>>> print(open('data-v7.json').read())   # JSON, C-alpha atoms
[["chain", "number", "residue", "atom", "x", "y", "z"],
["C", 680, "MET", "CA", 29.91, -18.85, -35.65],
["C", 681, "ASN", "CA", 30.05, -22.04, -33.60],
["C", 682, "ASN", "CA", 27.40, -24.74, -34.05],
["C", 683, "THR", "CA", 25.96, -24.29, -30.56],
["C", 684, "VAL", "CA", 25.15, -20.63, -31.16],
["C", 685, "ALA", "CA", 23.89, -21.39, -34.67],
["C", 686, "ASN", "CA", 21.48, -23.94, -33.26],
["C", 687, "SER", "CA", 20.20, -21.47, -30.63],
["C", 688, "TRP", "CA", 19.53, -18.58, -33.01],
["C", 689, "HIS", "CA", 18.84, -18.24, -36.71],
["C", 690, "HIS", "CA", 20.17, -15.29, -38.69],
["C", 691, "GLY", "CA", 17.00, -13.21, -38.29],
["C", 692, "GLU", "CA", 17.27, -13.39, -34.51],
["C", 693, "LEU", "CA", 21.00, -12.70, -34.70],
["C", 694, "THR", "CA", 20.35, -9.65, -36.90],
["C", 695, "ALA", "CA", 17.92, -8.20, -34.33],
["C", 696, "GLN", "CA", 20.27, -8.99, -31.43],
["C", 697, "LYS", "CA", 23.17, -7.32, -33.21],
["C", 698, "ARG", "CA", 21.04, -4.26, -33.99],
["C", 699, "VAL", "CA", 20.38, -3.63, -30.31],
["C", 700, "GLY", "CA", 23.83, -4.70, -29.10],
["C", 701, "THR", "CA", 22.95, -7.91, -27.24],
["C", 702, "GLU", "CA", 24.45, -10.48, -29.60],
["C", 703, "GLN", "CA", 27.43, -11.24, -27.34],
["C", 704, "ARG", "CA", 25.27, -11.77, -24.26],
["C", 705, "MET", "CA", 22.77, -13.87, -26.22],
["C", 706, "ALA", "CA", 25.62, -16.02, -27.58],
["C", 707, "GLU", "CA", 26.36, -16.92, -23.96],
["C", 708, "VAL", "CA", 22.75, -17.12, -22.75],
["C", 709, "GLY", "CA", 21.30, -19.17, -25.61],
["C", 710, "PRO", "CA", 23.22, -22.44, -25.16],
["C", 711, "LYS", "CA", 22.68, -22.30, -21.38],
["C", 712, "PHE", "CA", 19.01, -21.33, -21.37],
["C", 713, "ILE", "CA", 17.55, -23.12, -24.39],
["C", 714, "ARG", "CA", 17.41, -26.87, -23.87],
["C", 715, "GLU", "CA", 16.46, -29.89, -25.95],
["C", 716, "LEU", "CA", 14.77, -31.46, -22.92],
["C", 717, "MET", "CA", 12.11, -30.19, -20.52],
["C", 718, "PRO", "CA", 13.06, -30.00, -16.85],
["C", 719, "GLN", "CA", 10.64, -31.78, -14.51],
["C", 720, "GLN", "CA", 9.26, -28.44, -13.38],
["C", 721, "HIS", "CA", 8.20, -27.60, -16.94],
["C", 722, "ARG", "CA", 6.72, -31.05, -17.49],
["C", 723, "ASP", "CA", 4.60, -30.71, -14.35],
["C", 724, "PHE", "CA", 3.57, -27.22, -15.41],
["C", 725, "PHE", "CA", 2.35, -28.31, -18.84],
["C", 726, "GLU", "CA", 0.38, -31.20, -17.33],
["C", 727, "SER", "CA", -1.44, -28.79, -15.00],
["C", 728, "LEU", "CA", -2.75, -26.50, -17.76],
["C", 729, "THR", "CA", -6.26, -26.15, -19.16],
["C", 730, "MET", "CA", -5.15, -24.37, -22.33],
["C", 731, "MET", "CA", -2.13, -24.61, -24.61],
["C", 732, "PHE", "CA", -1.41, -21.95, -27.21],
["C", 733, "ILE", "CA", -0.10, -23.27, -30.52],
["C", 734, "GLY", "CA", 1.55, -21.77, -33.57],
["C", 735, "TYR", "CA", 1.53, -23.91, -36.69],
["C", 736, "THR", "CA", 1.63, -23.77, -40.47],
["C", 737, "ASN", "CA", -1.36, -25.53, -42.01],
["C", 738, "PHE", "CA", -1.70, -27.59, -45.19],
["C", 739, "GLN", "CA", -2.31, -24.37, -47.15],
["C", 740, "SER", "CA", 1.06, -23.01, -45.91],
["C", 741, "GLN", "CA", -0.71, -20.43, -43.76],
["C", 742, "THR", "CA", 0.77, -19.54, -40.38],
["C", 743, "CYS", "CA", -1.87, -19.80, -37.65],
["C", 744, "ALA", "CA", -2.05, -18.81, -33.97],
["C", 745, "SER", "CA", -4.54, -20.88, -32.02],
["C", 746, "VAL", "CA", -5.26, -22.53, -28.66],
["C", 747, "LEU", "CA", -6.17, -26.03, -27.48],
["C", 748, "PHE", "CA", -8.28, -26.68, -24.38],
["C", 749, "GLY", "CA", -8.87, -29.45, -21.87],
["C", 750, "GLU", "CA", -9.06, -30.46, -18.25],
["C", 751, "PRO", "CA", -5.75, -30.58, -16.32],
["C", 752, "GLY", "CA", -3.93, -33.59, -17.72],
["C", 753, "PHE", "CA", -5.04, -33.07, -21.33],
["C", 754, "VAL", "CA", -1.33, -32.44, -21.89],
["C", 755, "SER", "CA", 0.95, -35.24, -20.70],
["C", 756, "SER", "CA", 4.71, -35.68, -20.73],
["C", 757, "PRO", "CA", 5.78, -39.33, -20.91],
["C", 758, "ASP", "CA", 9.45, -38.35, -20.88],
["C", 759, "PRO", "CA", 11.54, -35.13, -20.84],
["C", 760, "SER", "CA", 11.59, -34.87, -24.64],
["C", 761, "LYS", "CA", 7.93, -35.57, -25.37],
["C", 762, "LEU", "CA", 4.45, -34.09, -24.98],
["C", 763, "VAL", "CA", 1.13, -35.72, -25.89],
["C", 764, "ILE", "CA", -1.83, -33.32, -26.29],
["C", 765, "ASN", "CA", -5.50, -34.27, -26.47],
["C", 766, "LEU", "CA", -7.04, -32.64, -29.56],
["C", 767, "GLN", "CA", -10.70, -32.71, -28.58],
["C", 768, "TYR", "CA", -11.16, -28.97, -28.05],
["C", 769, "SER", "CA", -9.89, -25.88, -29.90],
["C", 770, "ILE", "CA", -11.35, -22.56, -31.05],
["C", 771, "GLY", "CA", -12.61, -24.45, -34.10],
["C", 772, "ASP", "CA", -9.67, -24.27, -36.48],
["C", 773, "PHE", "CA", -7.29, -27.05, -35.40],
["C", 774, "THR", "CA", -7.89, -30.69, -36.35],
["C", 775, "ASN", "CA", -5.73, -33.73, -36.94],
["C", 776, "GLN", "CA", -5.53, -32.56, -40.58],
["C", 777, "SER", "CA", -3.97, -29.20, -39.65],
["C", 778, "VAL", "CA", -0.41, -30.50, -39.31],
["C", 779, "LYS", "CA", 1.50, -33.61, -40.32],
["C", 780, "VAL", "CA", 4.38, -35.68, -39.01],
["C", 781, "GLY", "CA", 7.62, -33.73, -39.43],
["C", 782, "ASP", "CA", 6.04, -30.28, -39.07],
["C", 783, "ARG", "CA", 7.81, -27.88, -36.70],
["C", 784, "ILE", "CA", 5.37, -26.02, -34.48],
["C", 785, "GLY", "CA", 5.46, -23.77, -31.43],
["C", 786, "LEU", "CA", 3.70, -24.34, -28.10],
["C", 787, "LEU", "CA", 3.23, -21.90, -25.24],
["C", 788, "GLY", "CA", 1.87, -22.74, -21.82],
["C", 789, "LEU", "CA", 0.68, -19.77, -19.77],
["C", 790, "GLU", "CA", -0.86, -19.68, -16.31],
["C", 791, "PHE", "CA", -2.43, -16.24, -16.15],
["C", 792, "GLN", "CA", -3.01, -16.05, -12.41],
["C", 793, "SER", "CA", 0.61, -16.82, -11.46],
["C", 794, "LYS", "CA", 2.02, -15.10, -14.59],
["C", 795, "ARG", "CA", 4.09, -18.18, -15.33],
["C", 796, "ARG", "CA", 4.83, -19.20, -18.91],
["C", 797, "ASN", "CA", 7.04, -21.74, -20.65],
["C", 798, "ARG", "CA", 7.62, -22.30, -24.33],
["C", 799, "ILE", "CA", 8.71, -25.21, -26.46],
["C", 800, "ASN", "CA", 9.41, -25.45, -30.16],
["C", 801, "VAL", "CA", 8.77, -29.00, -31.28],
["C", 802, "ILE", "CA", 8.53, -31.43, -34.18],
["C", 803, "VAL", "CA", 5.40, -33.48, -34.74],
["C", 804, "THR", "CA", 6.11, -37.22, -34.37],
["C", 805, "ASP", "CA", 2.53, -38.52, -34.44],
["C", 806, "ILE", "CA", -0.98, -37.20, -34.95],
["C", 807, "ASN", "CA", -4.33, -38.95, -35.03],
["C", 808, "GLN", "CA", -7.97, -38.19, -34.35],
["C", 809, "LYS", "CA", -7.41, -38.09, -30.59],
["C", 810, "SER", "CA", -3.96, -36.68, -29.92],
["C", 811, "LEU", "CA", -0.86, -34.87, -31.08],
["C", 812, "THR", "CA", 2.58, -36.16, -30.06],
["C", 813, "VAL", "CA", 5.64, -33.91, -30.32],
["C", 814, "LYS", "CA", 9.36, -34.07, -29.64],
["C", 815, "VAL", "CA", 11.09, -31.08, -28.06],
["C", 816, "LEU", "CA", 13.58, -29.10, -30.14],
["C", 817, "GLN", "CA", 13.86, -26.01, -27.93],
["C", 818, "SER", "CA", 12.55, -25.64, -24.38],
["C", 819, "PHE", "CA", 12.79, -22.45, -22.34],
["C", 820, "GLY", "CA", 10.97, -20.35, -19.79],
["C", 821, "ASN", "CA", 9.79, -16.77, -20.20],
["C", 822, "CYS", "CA", 9.63, -14.01, -17.62],
["C", 823, "PRO", "CA", 6.25, -12.75, -16.28],
["C", 824, "LYS", "CA", 6.56, -9.33, -17.95],
["C", 825, "TYR", "CA", 3.38, -7.85, -19.42],
["C", 826, "ILE", "CA", 1.16, -10.82, -18.46],
["C", 827, "GLN", "CA", -2.19, -9.55, -17.22],
["C", 828, "PRO", "CA", -3.40, -11.82, -14.38],
["C", 829, "LYS", "CA", -6.77, -13.53, -14.90],
["C", 830, "THR", "CA", -8.87, -16.23, -13.33],
["C", 831, "TRP", "CA", -11.12, -18.31, -15.53],
["C", 832, "ALA", "CA", -14.50, -20.02, -15.47],
["C", 833, "PHE", "CA", -15.79, -22.41, -18.11],
["C", 834, "ASN", "CA", -17.73, -20.70, -20.91],
["C", 835, "PRO", "CA", -21.21, -22.35, -20.90],
["C", 836, "ASP", "CA", -21.71, -21.30, -24.53],
["C", 837, "TYR", "CA", -18.42, -22.81, -25.72],
["C", 838, "GLN", "CA", -19.05, -24.62, -29.02],
["C", 839, "ARG", "CA", -22.78, -23.89, -28.70],
["C", 840, "PHE", "CA", -24.00, -22.78, -32.10],
["C", 841, "PRO", "CA", -20.37, -22.31, -33.20],
["C", 842, "SER", "CA", -19.68, -20.42, -36.40],
["C", 843, "ILE", "CA", -16.57, -19.38, -38.28],
["C", 844, "THR", "CA", -16.95, -16.20, -40.31],
["C", 845, "GLU", "CA", -14.33, -14.78, -42.64],
["C", 846, "VAL", "CA", -14.51, -10.99, -42.45],
["C", 847, "ALA", "CA", -14.36, -9.34, -45.88],
["C", 848, "LEU", "CA", -11.20, -7.24, -46.17],
["C", 849, "ASP", "CA", -13.12, -4.46, -47.88],
["C", 850, "THR", "CA", -14.70, -4.03, -44.44],
["C", 851, "LYS", "CA", -11.81, -2.41, -42.61],
["C", 852, "ILE", "CA", -11.17, -3.23, -38.97],
["C", 853, "SER", "CA", -11.41, 0.50, -38.29],
["C", 854, "THR", "CA", -15.09, 0.44, -39.31],
["C", 855, "ASP", "CA", -16.11, -3.01, -38.02],
["C", 856, "LYS", "CA", -17.13, -2.21, -34.44],
["C", 857, "THR", "CA", -17.20, -5.80, -33.19],
["C", 858, "ILE", "CA", -13.73, -6.68, -34.45],
["C", 859, "LYS", "CA", -12.23, -3.31, -33.54],
["C", 860, "GLN", "CA", -13.56, -3.44, -29.97],
["C", 861, "MET", "CA", -12.21, -6.95, -29.43],
["C", 862, "ILE", "CA", -8.77, -5.70, -30.49],
["C", 863, "THR", "CA", -8.69, -2.31, -28.75],
["C", 864, "ASN", "CA", -10.20, -3.68, -25.51],
["C", 865, "ALA", "CA", -7.67, -6.51, -25.36],
["C", 866, "ASP", "CA", -4.89, -6.68, -22.80],
["C", 867, "THR", "CA", -3.51, -9.87, -24.34],
["C", 868, "PHE", "CA", -2.93, -11.41, -27.74],
["C", 869, "PHE", "CA", -0.76, -14.13, -29.23],
["C", 870, "ILE", "CA", 1.37, -14.02, -32.36],
["C", 871, "ALA", "CA", 2.54, -16.95, -34.46],
["C", 872, "SER", "CA", 5.46, -16.37, -36.81],
["C", 873, "CYS", "CA", 7.56, -18.69, -38.92],
["C", 874, "PHE", "CA", 10.95, -19.05, -40.52],
["C", 875, "ASP", "CA", 11.88, -22.32, -42.19],
["C", 876, "ASP", "CA", 14.45, -22.49, -44.95],
["C", 877, "GLY", "CA", 14.63, -26.27, -44.94],
["C", 878, "GLU", "CA", 17.68, -26.49, -42.73],
["C", 879, "LEU", "CA", 17.24, -29.24, -40.13],
["C", 880, "LEU", "CA", 18.12, -27.05, -37.17],
["C", 881, "ASN", "CA", 16.22, -26.73, -33.92],
["C", 882, "ASN", "CA", 15.55, -23.01, -34.45],
["C", 883, "ARG", "CA", 13.52, -23.47, -37.65],
["C", 884, "GLY", "CA", 9.74, -23.68, -37.83],
["C", 885, "THR", "CA", 6.70, -21.91, -36.43],
["C", 886, "ASP", "CA", 6.82, -20.11, -33.10],
["C", 887, "ILE", "CA", 4.15, -18.61, -30.87],
["C", 888, "SER", "CA", 4.58, -15.85, -28.31],
["C", 889, "HIS", "CA", 2.50, -13.71, -25.96],
["C", 890, "ARG", "CA", 2.03, -9.96, -26.06],
["C", 891, "GLY", "CA", 0.36, -8.08, -23.24],
["C", 892, "GLY", "CA", -0.25, -4.64, -21.76],
["C", 893, "ASP", "CA", -2.98, -2.45, -20.39],
["C", 894, "ALA", "CA", -6.29, -2.62, -22.25],
["C", 895, "GLY", "CA", -5.88, -0.41, -25.32],
["C", 896, "PHE", "CA", -2.21, -1.25, -25.86],
["C", 897, "VAL", "CA", -3.14, -2.32, -29.41],
["C", 898, "GLU", "CA", -4.31, 0.57, -31.57],
["C", 899, "VAL", "CA", -6.17, 0.49, -34.89],
["C", 900, "ASN", "CA", -5.46, 3.32, -37.31],
["C", 901, "GLU", "CA", -7.78, 4.77, -39.95],
["C", 902, "SER", "CA", -6.42, 2.33, -42.54],
["C", 903, "GLY", "CA", -7.36, -0.64, -40.38],
["C", 904, "GLN", "CA", -3.77, -1.51, -39.47],
["C", 905, "LEU", "CA", -2.90, -2.70, -35.96],
["C", 906, "LEU", "CA", -0.17, -0.82, -34.08],
["C", 907, "ILE", "CA", 1.62, -2.05, -30.97],
["C", 908, "GLU", "CA", 4.64, -0.85, -29.06],
["C", 909, "ASP", "CA", 6.98, -3.83, -28.78],
["C", 910, "TYR", "CA", 8.53, -3.46, -25.35],
["C", 911, "TYR", "CA", 11.83, -5.01, -24.35],
["C", 912, "GLY", "CA", 11.49, -8.60, -23.19],
["C", 913, "ASN", "CA", 14.01, -11.41, -22.84],
["C", 914, "GLY", "CA", 16.22, -10.13, -25.65],
["C", 915, "PHE", "CA", 15.89, -13.34, -27.68],
["C", 916, "PHE", "CA", 13.92, -11.63, -30.49],
["C", 917, "ASN", "CA", 12.29, -14.90, -31.58],
["C", 918, "THR", "CA", 9.27, -13.16, -33.09],
["C", 919, "ILE", "CA", 11.14, -10.11, -34.41],
["C", 920, "GLY", "CA", 13.78, -12.40, -35.93],
["C", 921, "ASN", "CA", 11.13, -14.41, -37.73],
["C", 922, "LEU", "CA", 9.38, -11.28, -38.99],
["C", 923, "LEU", "CA", 12.63, -9.90, -40.40],
["C", 924, "LEU", "CA", 12.85, -12.98, -42.61],
["C", 925, "ASN", "CA", 9.14, -13.67, -43.16],
["C", 926, "PRO", "CA", 6.68, -10.82, -42.46],
["C", 927, "ILE", "CA", 3.56, -13.01, -42.63],
["C", 928, "ALA", "CA", 2.19, -13.82, -39.18],
["C", 929, "SER", "CA", -1.02, -14.74, -37.38],
["C", 930, "LEU", "CA", -2.59, -12.91, -34.42],
["C", 931, "LEU", "CA", -5.05, -14.46, -31.96],
["C", 932, "PHE", "CA", -7.38, -12.24, -29.91],
["C", 933, "PHE", "CA", -10.20, -13.38, -27.66],
["C", 934, "ASP", "CA", -13.09, -11.70, -25.89],
["C", 935, "THR", "CA", -12.79, -12.76, -22.26],
["C", 936, "GLN", "CA", -16.35, -11.64, -21.47],
["C", 937, "LEU", "CA", -18.25, -13.21, -24.39],
["C", 938, "GLY", "CA", -15.99, -16.11, -25.32],
["C", 939, "HIS", "CA", -15.42, -15.24, -28.99],
["C", 940, "ALA", "CA", -12.06, -15.30, -30.77],
["C", 941, "ILE", "CA", -10.54, -13.77, -33.89],
["C", 942, "GLN", "CA", -7.58, -14.99, -35.90],
["C", 943, "ILE", "CA", -5.93, -12.39, -38.15],
["C", 944, "THR", "CA", -3.36, -13.20, -40.83],
["C", 945, "VAL", "CA", -1.15, -10.12, -41.21],
["C", 946, "SER", "CA", 1.85, -8.70, -42.97],
["C", 947, "ALA", "CA", 4.15, -7.15, -40.38],
["C", 948, "GLU", "CA", 6.47, -4.17, -40.46],
["C", 949, "ILE", "CA", 8.99, -3.34, -37.72],
["C", 950, "LEU", "CA", 9.57, 0.33, -36.96],
["C", 951, "TRP", "CA", 12.79, 0.72, -35.02],
["C", 952, "ASN", "CA", 13.10, 3.59, -32.57],
["C", 953, "ASP", "CA", 13.86, 7.05, -33.95],
["C", 954, "ASP", "CA", 14.08, 6.08, -37.60],
["C", 955, "GLN", "CA", 10.33, 5.79, -38.07],
["C", 956, "ALA", "CA", 8.76, 6.97, -41.28],
["C", 957, "VAL", "CA", 5.09, 7.83, -40.81],
["C", 958, "ASP", "CA", 2.50, 8.37, -43.52],
["C", 959, "ASP", "CA", -0.41, 10.72, -42.84],
["C", 960, "GLY", "CA", 0.26, 10.68, -39.11],
["C", 961, "ASN", "CA", -0.92, 7.07, -38.88],
["C", 962, "LYS", "CA", 2.43, 5.30, -38.32],
["C", 963, "GLN", "CA", 1.72, 3.20, -41.37],
["C", 964, "LYS", "CA", 5.18, 2.51, -42.69],
["C", 965, "GLY", "CA", 8.62, 2.26, -41.23],
["C", 966, "THR", "CA", 12.22, 1.53, -42.05],
["C", 967, "ILE", "CA", 14.79, -0.34, -40.04],
["C", 968, "SER", "CA", 17.39, 1.90, -38.46],
["C", 969, "ASN", "CA", 21.03, 0.91, -38.23],
["C", 970, "LYS", "CA", 21.08, 2.39, -34.72],
["C", 971, "ALA", "CA", 18.85, 0.99, -32.04],
["C", 972, "ASP", "CA", 18.83, 0.73, -28.26],
["C", 973, "VAL", "CA", 17.75, -2.43, -26.49],
["C", 974, "ASN", "CA", 15.74, -0.38, -23.99],
["C", 975, "GLN", "CA", 13.94, 1.75, -26.55],
["C", 976, "VAL", "CA", 10.49, 0.90, -27.81],
["C", 977, "ARG", "CA", 9.90, -0.55, -31.27],
["C", 978, "MET", "CA", 6.59, -0.28, -33.07],
["C", 979, "LEU", "CA", 5.00, -3.21, -34.85],
["C", 980, "CYS", "CA", 2.56, -2.42, -37.65],
["C", 981, "PHE", "CA", 0.29, -5.25, -38.80],
["C", 982, "THR", "CA", -1.66, -5.02, -42.06],
["C", 983, "PRO", "CA", -4.53, -7.56, -42.12],
["C", 984, "ILE", "CA", -4.63, -10.07, -44.98],
["C", 985, "LYS", "CA", -7.34, -12.38, -43.66],
["C", 986, "ILE", "CA", -9.67, -12.16, -40.64],
["C", 987, "GLU", "CA", -11.66, -15.06, -39.19],
["C", 988, "HIS", "CA", -14.18, -14.70, -36.35],
["C", 989, "TYR", "CA", -14.89, -17.74, -34.14],
["C", 990, "GLU", "CA", -18.26, -17.40, -32.42],
["C", 991, "ASN", "CA", -18.24, -19.09, -28.98],
["C", 992, "GLY", "CA", -14.77, -20.40, -29.80],
["C", 993, "PHE", "CA", -13.00, -19.64, -26.51],
["C", 994, "ALA", "CA", -13.62, -22.23, -23.79],
["C", 995, "TYR", "CA", -13.23, -19.90, -20.80],
["C", 996, "LEU", "CA", -14.54, -16.56, -19.55],
["C", 997, "GLN", "CA", -12.76, -14.24, -17.19],
["C", 998, "LYS", "CA", -14.24, -14.20, -13.69]]
>>> encode(input="data-v7.json", output="structure tokens")
Amino acid sequence: MNNTVANSWHHGELTAQKRVGTEQRMAEVGPKFIRELMPQQHRDFFESLTMMFIGYTNFQSQTCASVLFGEPGFVSSPDPSKLVINLQYSIGDFTNQSVKVGDRIGLLGLEFQSKRRNRINVIVTDINQKSLTVKVLQSFGNCPKYIQPKTWAFNPDYQRFPSITEVALDTKISTDKTIKQMITNADTFFIASCFDDGELLNNRGTDISHRGGDAGFVEVNESGQLLIEDYYGNGFFNTIGNLLLNPIASLLFFDTQLGHAIQITVSAEILWNDDQAVDDGNKQKGTISNKADVNQVRMLCFTPIKIEHYENGFAYLQK
């Protein structure tokens, strides 16, 4: 394998690409599409946003999916390789103690109304009480597939009487009506995943990606596991590749009407196409088939490990 391809994809992503027969095309696409610098269009886009989704691994080595908020301009790009993000507002989990210099994190900018999204995987070069500065490792755009358009208004109750509640795991999601409704009513969630073996390559670290569909596209079975059909996207398999090597991930859901958010640490299983093993009719377990089709639907099964509820943690409400 040449160094250019190796720096575009790690072996988890390559395994998934090979399984569905796209490895040759991705070997050509990766070096052309994934850059170490942001084009001016992406820099302008990030500076126009009022929210930036972030995937990071905290000081307790827990992968977290979260979001930072601000007025347009709270993200700035002094040069094509750098972003500076104001840290004043989050759902309540992210502070200047959450990451350190040298950490590799994922950032995702998404404009819901236009369905435009761009991603960067970055390394932290500075962090203080006011801001986070990062250097770009991988910069690329994503297609508008599965993004549900929304317009936003500021949540007047944001950070008013905020509370963070850890939901006891002996209370299953399937029986907790508040948590279950937030999940099953959602048309959007975000997933942070991570693979880092210590190699100093641009494709190591934490990543964050978007998942979307019609409301109800995430199911909760009787065991409290989350089930989602993983439709074909750009063929990169960033998230799937990470999960093949490290099944621990973090899911972020938010209630667009009430302004609450939940962060769920999960263990993920990938059920590939026809070779799905199902227990008790609940699609609880699966094995990875040696035969898969890029256009066929995979199933992701997430078993919750930790659930945190952020009251009034989301800064915007859907109009």
>>> closest_residue(input="data-v7.json", among="C:Leu931, C:Ile943, C:Val699, C:Ile907", to="Met978 of chain C", atoms="all atoms listed in the file")
C:Ile907
>>> closest_residue(input="data-v7.json", among="C:Arg883, C:Lys856, C:Lys824, C:Arg783", to="Ile733 of chain C", atoms="only C-alpha atoms")
C:Arg783
>>> residues_near_point(input="data-v7.json", point="(2.4, -21.2, -28.0)", cutoff="10 Å", atoms="all atoms listed in the file", output="PyMOL selection string")
chain C and resi 730-735+744-747+784-789+796-800+869-871+885-889
>>> closest_residue(input="data-v7.json", among="C:Glu715, C:Ile826, C:Phe724, C:Gln997", to="Leu880 of chain C", atoms="all atoms listed in the file")
C:Glu715
>>> closest_residue(input="data-v7.json", among="C:Gly920, C:Pro823, C:Gly709, C:Gly914", to="Leu693 of chain C", atoms="only C-alpha atoms")
C:Gly920
>>> closest_residue(input="data-v7.json", among="C:Asn737, C:Gln827, C:Thr701, C:Thr935", to="Lys794 of chain C", atoms="only C-alpha atoms")
C:Gln827
>>> closest_residue(input="data-v7.json", among="C:Gln696, C:Gln817, C:Gln719, C:Ser929", to="Asn882 of chain C", atoms="all atoms listed in the file")
C:Gln817
>>> residues_around(input="data-v7.json", residues="Ser769 of chain C", least_positions_apart="4", cutoff="12 Å", atoms="all atoms listed in the file", output="list in words")
Thr729, Met730, Met731, Phe732, Ile733, Ala744, Ser745, Val746, Leu747, Phe748, Gly749, Ile764, Asn765, Phe773, Thr774, Asn775, Ser777, Tyr837, Gln838, Pro841, Ala940, Tyr989, Asn991, Gly992, Phe993, Ala994 and Tyr995 of chain C
>>> residues_around(input="data-v7.json", residues="Ile802 of chain C", least_positions_apart="2", cutoff="8 Å", atoms="only C-alpha atoms", output="PyMOL selection string")
chain C and resi 780-784+800+804+813-816
>>> write_last_selection(input="data-v7.json", atoms="C-alpha atoms", output="mmCIF file, keeping the file's coordinate frame")
data_model
loop_
_atom_site.group_PDB
_atom_site.id
_atom_site.type_symbol
_atom_site.label_atom_id
_atom_site.label_comp_id
_atom_site.auth_asym_id
_atom_site.auth_seq_id
_atom_site.Cartn_x
_atom_site.Cartn_y
_atom_site.Cartn_z
ATOM 1 C CA VAL C 780 4.380 -35.680 -39.010
ATOM 2 C CA GLY C 781 7.620 -33.730 -39.430
ATOM 3 C CA ASP C 782 6.040 -30.280 -39.070
ATOM 4 C CA ARG C 783 7.810 -27.880 -36.700
ATOM 5 C CA ILE C 784 5.370 -26.020 -34.480
ATOM 6 C CA ASN C 800 9.410 -25.450 -30.160
ATOM 7 C CA THR C 804 6.110 -37.220 -34.370
ATOM 8 C CA VAL C 813 5.640 -33.910 -30.320
ATOM 9 C CA LYS C 814 9.360 -34.070 -29.640
ATOM 10 C CA VAL C 815 11.090 -31.080 -28.060
ATOM 11 C CA LEU C 816 13.580 -29.100 -30.140
#
>>> atom_distance(input="data-v7.json", atom1="atom CA of Phe896 of chain C", atom2="atom CA of Thr736 of chain C")
27.1 Å
>>> atom_distance(input="data-v7.json", atom1="atom CA of Leu766 of chain C", atom2="atom CA of Leu811 of chain C")
6.7 Å
>>> atom_distance(input="data-v7.json", atom1="atom CA of Phe725 of chain C", atom2="atom CA of Ile770 of chain C")
19.2 Å
